[in-house]
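Engineer: Mind looking over this structure? Questions follow.
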Amino acid sequence: GFEEYKKLQPQSSVTKVQLEAYWESGDAILKALNDGGARLIRKMDEIKEVYIKIPFKNKTYSINIKRQDLESFLGYKMNEIRDNWTNTFSEQYVYSKDGRQKFFEKFGEINEK
């Protein structure tokens with residue numbers, strides 16, 4: 001919640017209302033899951049699978065990405081796109097609403113609490 005955020009970012013001027021509004025749409029959650037999960041696989045060759053879960057309000061958002069499935073989905077091996085990550089991944093599957101949704105539909109799920 002907000003208290004944890006302020007402990008990690010004490011210099012931030014973001015208010016509790018602003019922080020909740022940012023996460024409320026769901027877009028921020030999908031951005032965090034898509035980017036965070038794939039980025040871990042990209043950065044560390046020894047990671048073969050990433051599972052991340054974010055509980056928010058009455059839902060739990062989760063993503064489960066296996067390296068082999070990610071590379072198949074993207075059509076590239078991680079070492080081929082490591083130096084061009086913004087164009088080959090972030091622009092398409094984090095910042096693009098349609099791409100973000102497509103990626104999450106493949107690797108993620110939302111469960112009601």
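By convention in this document, the chains of the structure tokens carry letters A, B, ... by their order, each chain's residues are numbered from 1, and ligands are numbered from 1 in the order they are shown.
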Once you count only C-alpha atoms, what closest atom pair and distance in Å to one decimal does each residue of range 70-89 of chain A within 10 Å of range 93-107 of chain A have, with rows by chain and rising residue number, as JSON lines?
Structural biologist:
```
{"residue": "A:Leu70", "atom": "CA", "partner": "A:Phe107", "partner_atom": "CA", "distance": 8.7}
{"residue": "A:Phe73", "atom": "CA", "partner": "A:Phe103", "partner_atom": "CA", "distance": 8.7}
{"residue": "A:Leu74", "atom": "CA", "partner": "A:Phe103", "partner_atom": "CA", "distance": 9.8}
{"residue": "A:Thr86", "atom": "CA", "partner": "A:Val94", "partner_atom": "CA", "distance": 9.5}
{"residue": "A:Asn87", "atom": "CA", "partner": "A:Tyr93", "partner_atom": "CA", "distance": 9.8}
{"residue": "A:Thr88", "atom": "CA", "partner": "A:Tyr93", "partner_atom": "CA", "distance": 8.7}
{"residue": "A:Phe89", "atom": "CA", "partner": "A:Tyr93", "partner_atom": "CA", "distance": 5.7}
```
Engineer: By how many Å are CA of Glu49 in chain A and CA of Lys7 in chain A apart?
Structural biologist: 29.5 Å
Engineer: Report the residues of range 48-110 of chain A whose backbone DSSP state falls under strand (DSSP E or B), written as a ChimeraX atom specification.
Structural biologist: /A:49-56,59-66,108-110
Engineer: Residues as selected, N, CA and C atoms, written as a PDB file, in the first residue's frame, can you do that?
Structural biologist:
```
ATOM      1  N   GLU A  49      12.256 -19.301 -15.683  1.00  0.00           N
ATOM      2  CA  GLU A  49      10.837 -19.046 -15.485  1.00  0.00           C
ATOM      3  C   GLU A  49      10.658 -17.983 -14.410  1.00  0.00           C
ATOM      4  N   VAL A  50       9.666 -17.112 -14.617  1.00  0.00           N
ATOM      5  CA  VAL A  50       9.355 -16.051 -13.660  1.00  0.00           C
ATOM      6  C   VAL A  50       7.862 -16.097 -13.349  1.00  0.00           C
ATOM      7  N   TYR A  51       7.549 -16.038 -12.057  1.00  0.00           N
ATOM      8  CA  TYR A  51       6.162 -15.953 -11.603  1.00  0.00           C
ATOM      9  C   TYR A  51       6.059 -14.756 -10.675  1.00  0.00           C
ATOM     10  N   ILE A  52       5.172 -13.831 -10.998  1.00  0.00           N
ATOM     11  CA  ILE A  52       4.969 -12.636 -10.176  1.00  0.00           C
ATOM     12  C   ILE A  52       3.475 -12.504  -9.910  1.00  0.00           C
ATOM     13  N   LYS A  53       3.130 -12.141  -8.672  1.00  0.00           N
ATOM     14  CA  LYS A  53       1.732 -11.970  -8.287  1.00  0.00           C
ATOM     15  C   LYS A  53       1.578 -10.617  -7.609  1.00  0.00           C
ATOM     16  N   ILE A  54       0.554  -9.862  -8.021  1.00  0.00           N
ATOM     17  CA  ILE A  54       0.259  -8.562  -7.415  1.00  0.00           C
ATOM     18  C   ILE A  54      -1.200  -8.568  -6.948  1.00  0.00           C
ATOM     19  N   PRO A  55      -1.408  -8.589  -5.628  1.00  0.00           N
ATOM     20  CA  PRO A  55      -2.781  -8.442  -5.136  1.00  0.00           C
ATOM     21  C   PRO A  55      -3.148  -6.954  -5.110  1.00  0.00           C
ATOM     22  N   PHE A  56      -4.324  -6.625  -5.623  1.00  0.00           N
ATOM     23  CA  PHE A  56      -4.783  -5.239  -5.601  1.00  0.00           C
ATOM     24  C   PHE A  56      -6.293  -5.233  -5.455  1.00  0.00           C
ATOM     25  N   LYS A  59      -8.742  -8.279  -6.361  1.00  0.00           N
ATOM     26  CA  LYS A  59      -8.245  -9.133  -7.433  1.00  0.00           C
ATOM     27  C   LYS A  59      -6.775  -9.463  -7.201  1.00  0.00           C
ATOM     28  N   THR A  60      -6.356 -10.574  -7.783  1.00  0.00           N
ATOM     29  CA  THR A  60      -4.948 -10.929  -7.796  1.00  0.00           C
ATOM     30  C   THR A  60      -4.530 -11.057  -9.255  1.00  0.00           C
ATOM     31  N   TYR A  61      -3.549 -10.262  -9.640  1.00  0.00           N
ATOM     32  CA  TYR A  61      -2.996 -10.280 -10.991  1.00  0.00           C
ATOM     33  C   TYR A  61      -1.699 -11.079 -10.936  1.00  0.00           C
ATOM     34  N   SER A  62      -1.526 -12.015 -11.859  1.00  0.00           N
ATOM     35  CA  SER A  62      -0.293 -12.784 -11.852  1.00  0.00           C
ATOM     36  C   SER A  62       0.188 -13.042 -13.275  1.00  0.00           C
ATOM     37  N   ILE A  63       1.477 -13.292 -13.382  1.00  0.00           N
ATOM     38  CA  ILE A  63       2.073 -13.611 -14.675  1.00  0.00           C
ATOM     39  C   ILE A  63       3.078 -14.734 -14.461  1.00  0.00           C
ATOM     40  N   ASN A  64       3.101 -15.668 -15.398  1.00  0.00           N
ATOM     41  CA  ASN A  64       4.005 -16.802 -15.341  1.00  0.00           C
ATOM     42  C   ASN A  64       4.651 -16.930 -16.722  1.00  0.00           C
ATOM     43  N   ILE A  65       5.916 -16.579 -16.799  1.00  0.00           N
ATOM     44  CA  ILE A  65       6.617 -16.554 -18.085  1.00  0.00           C
ATOM     45  C   ILE A  65       7.768 -17.552 -18.057  1.00  0.00           C
ATOM     46  N   LYS A  66       7.749 -18.472 -18.985  1.00  0.00           N
ATOM     47  CA  LYS A  66       8.868 -19.399 -19.176  1.00  0.00           C
ATOM     48  C   LYS A  66       9.723 -18.854 -20.320  1.00  0.00           C
ATOM     49  N   GLY A 108      -0.539 -14.119 -18.477  1.00  0.00           N
ATOM     50  CA  GLY A 108      -1.078 -13.688 -17.188  1.00  0.00           C
ATOM     51  C   GLY A 108      -2.489 -14.148 -16.912  1.00  0.00           C
ATOM     52  N   GLU A 109      -2.935 -13.838 -15.712  1.00  0.00           N
ATOM     53  CA  GLU A 109      -4.323 -14.098 -15.360  1.00  0.00           C
ATOM     54  C   GLU A 109      -4.735 -13.181 -14.201  1.00  0.00           C
ATOM     55  N   ILE A 110      -6.038 -12.982 -14.109  1.00  0.00           N
ATOM     56  CA  ILE A 110      -6.625 -12.178 -13.036  1.00  0.00           C
ATOM     57  C   ILE A 110      -7.619 -13.057 -12.302  1.00  0.00           C
TER      58      ILE A 110
END
```
Engineer: Calculate how many Å separate CA of Gln68 in chain A from CA of Ala32 in chain A, rounding to one decimal.
Structural biologist: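 Taking CA of Gln68 in chain A as the start and CA of Ala32 in chain A as the end point, the length is 20.7 Å.
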Engineer: So, counting only C-alpha atoms, which residue among A:Lys57, A:Lys77, A:Arg67, A:Leu8 is closest to Gly26 in chain A?
Structural biologist: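 The answer is A:Lys57, which sits nearest to Gly26 in chain A.
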Engineer: Among chain A, which residues does DSSP mark as alpha helix (DSSP H) when it is run on the backbone? Keep the chain and numbering as in the structure and answer as a ChimeraX atom specification.
Structural biologist: /A:2-8,16-24,27-43,67-74,78-81,85,91-93,97-107
